[in-house]
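Scroll down for the structure; my scribbles are underneath it.
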Amino acid sequence: MRSYERLLKYVTVHTTSDENTGTHPSFCGEFDLARILVSELKQLGLADAVATDKCYVYAHLPASDGCEGAPAIGLIAHLDTAPDACGKKVRPIVHENYDGGDLQLGDSQRILSPAKFPFLKNMAGETLITADGTTLLGADDKAGVAEIMTVLEKIICEDIPHGKICVAFTPDEEIGEGADFFDIDLFGADFAYTVDGGDVDCLEYENFNAASAKVTIEGVSVHPGEAKDVMINASNVAMEFYMSLPEEMRPEHTEEREGFFHLTGMSGSVAEAHLSYIVRDHDKEKFEEKKQLLRDVTAAVNKKYGAEIVTIDIEDSYYNMLEMILPHMHLIDNARLAIEEEGLTPKVVPIRGGTDGARLSFMGLPCPNLGTGGYNFHGEYECITAERMDKAVNIILRILRAYSRR
């Protein structure tokens, strides 16, 4: 079975994570996909496949004869889809021999156009997969799940020599909780790759340092007719706080290694208001400076109003994996070679986000990120092609072959 055929099945399972539930996993639908995968893994012969009570799927393929001394290599993808767009009732559409032009998504008014997304021109002649314009597709990261499952099937059916292969599918990666209950010892890998990147030629081993910030503003609510010198409108103060941060440091004005403050939520009334931010920067020093700026703005607003009306809670989420990968550059060298052997030019890019691999690297499991072949993740214009998924499978197989010979 080709990996895109698995993808078409997996994306129909609703697995949108939700940071507001406080449960693990954050959405019970993630178990639905976990159970499907455990069943499929056991059918492939990975008898120890299991889904834990926190919705982590683990399975192991023992080394083939003669490869027992090879490093144990892990392959990781995540079950959940992002809450940025609807992930329920996904209806994937296969566009065979895509012509590289404008494409209407189902019956929606959305047009997937190379004028807006120039990469589409390079997909002409390929089998393009989209949703119907009303939901995201879910290739992030069900494409990675499908590719790993296809790798396992090929290794087993074609009797490809290999070292021990450790597989994990994690919940809640999209809300930053994918590594919260990851069992490194049960996983059992010496090194690993997440299969959770963009186009298939991408290789990623540098990511943002990340934090979240919750701002709470306590206003003073009185009748507007008697408000002079008494009322403090919390919603107005929230806007004042927002405007105190540099406009050029918003994500819509940044690229590559430039960090940002991203306002992800805003609510309020006269009496109380709330702001939610994510803070990002590849450079650790600049990352710390951004967090300090949030504290400084908080202090300045409180000084202006003569009271502690603003409080802020900043929590680090993950850090740049680069420092943990540098001592193990064989992971990058083998991936580069595999991409080149597939006829592609490796594109090493800093991740403007994070993956499970970032946190796992700091937990002692060096874990760079491989591309899946997808584009436009987290929205209704998400797409991928069958051919690029095939290449992703071949790249993983080449990496595993390289380690089997060590």
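Here, A, B, ... name the chains of the structure tokens in the order displayed, residue numbers run from 1 inside each chain, and ligands are numbered from 1 in the same displayed order.
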
Once you count only C-alpha atoms, what closest atom pair and distance in Å to one decimal does each residue of segment 55-103 of chain A within 7 Å of segment 34-49 of chain A have, with rows by chain and rising residue number, as a Markdown table?
```
| residue | atom | partner | partner_atom | distance |
| --- | --- | --- | --- | --- |
| A:Cys55 | CA | A:Ala34 | CA | 6.7 |
| A:Val57 | CA | A:Ala34 | CA | 6.3 |
| A:Tyr58 | CA | A:Ala49 | CA | 5.6 |
| A:Ala59 | CA | A:Ala49 | CA | 4.2 |
| A:His60 | CA | A:Leu46 | CA | 6.1 |
| A:Leu61 | CA | A:Leu46 | CA | 6.0 |
```

Non-local contacts of Leu400 of chain A (8 Å; only C-alpha atoms; under 6 positions in same chain excluded) as a VMD selection string = chain A and resid 73 162 to 163

Saved selection, atoms kept: N, CA and C atoms, as a PDB file, in the first residue's frame:
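Heads up, here's the output in part_3.pdb:
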```pdb
ATOM      1  N   ILE A  73      17.175   2.883  15.906  1.00  0.00           N
ATOM      2  CA  ILE A  73      16.723   4.146  15.335  1.00  0.00           C
ATOM      3  C   ILE A  73      15.221   4.285  15.538  1.00  0.00           C
ATOM      4  N   HIS A 162      17.983  -4.378   8.525  1.00  0.00           N
ATOM      5  CA  HIS A 162      17.757  -3.208   9.356  1.00  0.00           C
ATOM      6  C   HIS A 162      18.169  -3.487  10.786  1.00  0.00           C
ATOM      7  N   GLY A 163      18.581  -2.446  11.475  1.00  0.00           N
ATOM      8  CA  GLY A 163      18.770  -2.533  12.909  1.00  0.00           C
ATOM      9  C   GLY A 163      17.432  -2.460  13.611  1.00  0.00           C
TER      10      GLY A 163
END
```

Write out as a list in words all residues of segment 284-389 of chain A that DSSP puts in strand (DSSP E) for this structure's backbone.
->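 Selection result, strand (DSSP E) within segment 284-389 of chain A: Val310, Thr311, Ile312, Asp313, Ile314, Glu315, Asp316, Ser317, Tyr318, Lys347, Val348, Asn369, Leu370, Gly371, Gly374, Tyr375, Cys383, Ile384 and Thr385 of chain A.
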
Selected residues, N, CA and C atoms, written as a PDB file, in the first residue's frame, please.
```pdb
ATOM      1  N   VAL A 310      -1.935  44.747  36.235  1.00  0.00           N
ATOM      2  CA  VAL A 310      -1.517  43.783  35.214  1.00  0.00           C
ATOM      3  C   VAL A 310      -0.614  42.740  35.844  1.00  0.00           C
ATOM      4  N   THR A 311      -0.927  41.487  35.621  1.00  0.00           N
ATOM      5  CA  THR A 311      -0.040  40.394  36.019  1.00  0.00           C
ATOM      6  C   THR A 311       0.274  39.562  34.787  1.00  0.00           C
ATOM      7  N   ILE A 312       1.443  38.954  34.780  1.00  0.00           N
ATOM      8  CA  ILE A 312       1.857  38.152  33.630  1.00  0.00           C
ATOM      9  C   ILE A 312       2.482  36.855  34.110  1.00  0.00           C
ATOM     10  N   ASP A 313       2.137  35.795  33.431  1.00  0.00           N
ATOM     11  CA  ASP A 313       2.684  34.471  33.730  1.00  0.00           C
ATOM     12  C   ASP A 313       3.376  33.967  32.473  1.00  0.00           C
ATOM     13  N   ILE A 314       4.695  33.805  32.519  1.00  0.00           N
ATOM     14  CA  ILE A 314       5.490  33.353  31.371  1.00  0.00           C
ATOM     15  C   ILE A 314       6.017  31.959  31.662  1.00  0.00           C
ATOM     16  N   GLU A 315       5.794  31.066  30.726  1.00  0.00           N
ATOM     17  CA  GLU A 315       6.235  29.681  30.908  1.00  0.00           C
ATOM     18  C   GLU A 315       6.971  29.206  29.658  1.00  0.00           C
ATOM     19  N   ASP A 316       8.193  28.727  29.834  1.00  0.00           N
ATOM     20  CA  ASP A 316       8.956  28.192  28.711  1.00  0.00           C
ATOM     21  C   ASP A 316       8.319  26.896  28.218  1.00  0.00           C
ATOM     22  N   SER A 317       8.336  26.716  26.895  1.00  0.00           N
ATOM     23  CA  SER A 317       7.719  25.537  26.279  1.00  0.00           C
ATOM     24  C   SER A 317       8.765  24.540  25.788  1.00  0.00           C
ATOM     25  N   TYR A 318       9.739  25.019  25.016  1.00  0.00           N
ATOM     26  CA  TYR A 318      10.811  24.157  24.518  1.00  0.00           C
ATOM     27  C   TYR A 318      11.962  25.043  24.071  1.00  0.00           C
ATOM     28  N   LYS A 347      17.569  20.681   1.751  1.00  0.00           N
ATOM     29  CA  LYS A 347      17.296  22.061   2.137  1.00  0.00           C
ATOM     30  C   LYS A 347      17.251  22.110   3.664  1.00  0.00           C
ATOM     31  N   VAL A 348      18.331  22.622   4.245  1.00  0.00           N
ATOM     32  CA  VAL A 348      18.390  22.730   5.697  1.00  0.00           C
ATOM     33  C   VAL A 348      17.796  24.071   6.093  1.00  0.00           C
ATOM     34  N   ASN A 369      14.425  16.493  12.402  1.00  0.00           N
ATOM     35  CA  ASN A 369      13.114  16.397  11.770  1.00  0.00           C
ATOM     36  C   ASN A 369      13.240  16.220  10.259  1.00  0.00           C
ATOM     37  N   LEU A 370      12.484  15.277   9.710  1.00  0.00           N
ATOM     38  CA  LEU A 370      12.447  15.020   8.273  1.00  0.00           C
ATOM     39  C   LEU A 370      11.158  15.561   7.669  1.00  0.00           C
ATOM     40  N   GLY A 371      11.211  15.904   6.383  1.00  0.00           N
ATOM     41  CA  GLY A 371      10.033  16.400   5.685  1.00  0.00           C
ATOM     42  C   GLY A 371       9.071  15.296   5.311  1.00  0.00           C
ATOM     43  N   GLY A 374       4.499  17.895   2.577  1.00  0.00           N
ATOM     44  CA  GLY A 374       3.299  18.710   2.662  1.00  0.00           C
ATOM     45  C   GLY A 374       3.560  20.201   2.702  1.00  0.00           C
ATOM     46  N   TYR A 375       2.490  20.959   2.463  1.00  0.00           N
ATOM     47  CA  TYR A 375       2.541  22.423   2.457  1.00  0.00           C
ATOM     48  C   TYR A 375       1.279  22.988   3.121  1.00  0.00           C
ATOM     49  N   CYS A 383      -1.977  20.963   1.598  1.00  0.00           N
ATOM     50  CA  CYS A 383      -1.912  19.993   0.492  1.00  0.00           C
ATOM     51  C   CYS A 383      -0.625  19.188   0.564  1.00  0.00           C
ATOM     52  N   ILE A 384      -0.620  18.109  -0.191  1.00  0.00           N
ATOM     53  CA  ILE A 384       0.530  17.209  -0.273  1.00  0.00           C
ATOM     54  C   ILE A 384       0.371  16.414  -1.547  1.00  0.00           C
ATOM     55  N   THR A 385       1.431  15.764  -2.022  1.00  0.00           N
ATOM     56  CA  THR A 385       1.275  14.903  -3.199  1.00  0.00           C
ATOM     57  C   THR A 385       1.701  13.476  -2.885  1.00  0.00           C
TER      58      THR A 385
END
```

Fewer than 4 positions away in the same chain doesn't count, so skip those; otherwise give me all residues within 8 Å of segment 322-328 of chain A, counting only C-alpha atoms, as an mmCIF file with N, CA and C atoms, in the first residue's frame.
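Output file result-v2.cif follows:
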```
data_model
loop_
_atom_site.group_PDB
_atom_site.id
_atom_site.type_symbol
_atom_site.label_atom_id
_atom_site.label_comp_id
_atom_site.auth_asym_id
_atom_site.auth_seq_id
_atom_site.Cartn_x
_atom_site.Cartn_y
_atom_site.Cartn_z
ATOM 1 N N TYR A 205 17.044 20.757 11.968
ATOM 2 C CA TYR A 205 17.607 20.410 13.278
ATOM 3 C C TYR A 205 17.892 21.658 14.113
ATOM 4 N N GLU A 206 17.210 22.716 13.774
ATOM 5 C CA GLU A 206 17.270 23.948 14.545
ATOM 6 C C GLU A 206 15.860 24.520 14.629
ATOM 7 N N ASN A 207 15.427 24.888 15.811
ATOM 8 C CA ASN A 207 14.055 25.359 15.985
ATOM 9 C C ASN A 207 14.018 26.539 16.946
ATOM 10 N N ILE A 332 22.484 14.012 10.789
ATOM 11 C CA ILE A 332 22.283 14.954 9.699
ATOM 12 C C ILE A 332 22.996 14.478 8.448
ATOM 13 N N SER A 361 14.994 15.849 22.293
ATOM 14 C CA SER A 361 16.444 16.012 22.234
ATOM 15 C C SER A 361 16.993 16.434 23.586
ATOM 16 N N PHE A 362 16.269 17.311 24.278
ATOM 17 C CA PHE A 362 16.712 17.748 25.603
ATOM 18 C C PHE A 362 16.416 16.705 26.679
ATOM 19 N N PRO A 366 18.479 12.491 20.898
ATOM 20 C CA PRO A 366 18.717 13.393 19.762
ATOM 21 C C PRO A 366 17.763 13.068 18.613
ATOM 22 N N CYS A 367 17.083 14.113 18.102
ATOM 23 C CA CYS A 367 15.919 13.827 17.261
ATOM 24 C C CYS A 367 15.654 14.951 16.253
ATOM 25 N N PRO A 368 16.391 15.003 15.126
ATOM 26 C CA PRO A 368 16.085 15.987 14.082
ATOM 27 C C PRO A 368 14.798 15.636 13.349
#
```

Hey, what's within 6 Å of Ala77 of chain A if we count only C-alpha atoms and toss same-chain stuff fewer than 4 positions away? As an MDAnalysis selection string, please?
-> chainID A and resid 144:145 169 194:195

Return the single residue from A:Val11, A:Arg352, A:Pro83, A:Ile396 that is closest to Thr254 of chain A, with distances computed using only C-alpha atoms.
-> A:Arg352

Excluding Ala335 of chain A and any residue of its chain fewer than 5 positions from it, enumerate the residues within 10 Å of it, using only C-alpha atoms, and give them as a list in words.
-> Tyr193, Asp201, Cys202, Leu203, Met329, His330, Glu340, Glu341, Pro346, Pro368, Asn369, Leu370, Ile395, Ile396, Arg398, Ile399, Leu400 and Ala402 of chain A

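Nearest to His14 of chain A of all the residues A:Asp80, A:Glu258, A:Asp190, A:Asp53 is A:Asp80, counting only C-alpha atoms.
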
Hey, which of A:Glu177, A:Asp296, A:Asp185, A:Asp199 ends up closest to Phe119 of chain A? Count only C-alpha atoms.
->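 Counting only C-alpha atoms, the residue closest to Phe119 of chain A is A:Asp199.
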
Quick one: of A:Ala392, A:Ala234, A:Arg250, A:Asn209, who's nearest to Ile351 of chain A, counting only C-alpha atoms?
->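 Of the candidates, the smallest distance to Ile351 of chain A is held by A:Asn209.
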
Would you kindly return, as a PyMOL selection string, each protein, DNA or RNA residue with an atom no farther than 6 Å from any atom of Asn97 of chain A, considering only C-alpha atoms and excluding same-chain residues fewer than 5 positions away?
-> chain A and resi 125-127

Neighbours of Lys142 of chain A within 12 Å (only C-alpha atoms; same-chain residues fewer than 6 positions away dropped), as a ChimeraX atom specification?
-> /A:3-16,30,33-34,37,76-82,87,136,148-149,169-171,195-197,372-374,377,384,389

Would you export the selected residues with C-alpha atoms as a compact mmCIF listing (two decimals), in the first residue's frame, please?
```
# COMPACT_ATOMS: atom_id res chain seq x y z
CA SER A 3 1.57 5.96 1.96
CA TYR A 4 -0.95 8.39 0.45
CA GLU A 5 -3.59 5.64 0.57
CA ARG A 6 -3.03 5.35 4.30
CA LEU A 7 -3.21 9.12 4.61
CA LEU A 8 -6.65 9.19 3.01
CA LYS A 9 -7.86 6.85 5.74
CA TYR A 10 -6.15 8.49 8.69
CA VAL A 11 -7.29 12.06 7.95
CA THR A 12 -10.94 11.08 8.29
CA VAL A 13 -10.36 10.36 12.00
CA HIS A 14 -11.06 13.47 14.06
CA THR A 15 -8.02 14.10 16.28
CA THR A 16 -7.89 17.86 16.90
CA GLU A 30 -6.87 10.78 19.41
CA LEU A 33 -6.48 6.77 15.58
CA ALA A 34 -4.17 5.24 18.17
CA LEU A 37 -2.52 2.10 14.37
CA ILE A 76 8.15 9.47 15.51
CA ALA A 77 5.03 11.27 14.25
CA HIS A 78 2.04 12.80 16.00
CA LEU A 79 -1.61 11.82 16.01
CA ASP A 80 -3.27 15.18 16.55
CA THR A 81 -4.12 17.96 14.15
CA ALA A 82 -3.90 21.67 14.92
CA GLY A 87 -10.23 19.04 11.70
CA LEU A 136 -7.61 21.36 7.12
CA ILE A 148 6.31 5.49 8.88
CA MET A 149 3.69 2.75 8.58
CA PHE A 169 3.03 8.09 17.65
CA THR A 170 2.36 10.88 20.11
CA PRO A 171 -0.73 12.91 21.08
CA VAL A 195 8.73 12.79 10.45
CA ASP A 196 6.87 16.07 10.78
CA GLY A 197 8.39 18.61 8.41
CA THR A 372 6.77 14.72 4.76
CA GLY A 373 6.09 16.44 1.42
CA GLY A 374 3.30 18.71 2.66
CA PHE A 377 -0.24 23.17 7.29
CA ILE A 384 0.53 17.21 -0.27
CA MET A 389 5.12 10.99 0.15
```

Run DSSP on the backbone of this structure and report the residues of segment 294-400 of chain A it assigns to alpha helix (DSSP H), as a ChimeraX atom specification.
-> /A:294-305,322-325,330-341,356-362,386-400

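With distances restricted to only C-alpha atoms, A:Ala139 is the closest residue to Asn376 of chain A from A:Ala139, A:Val230, A:Val90, A:Leu105.
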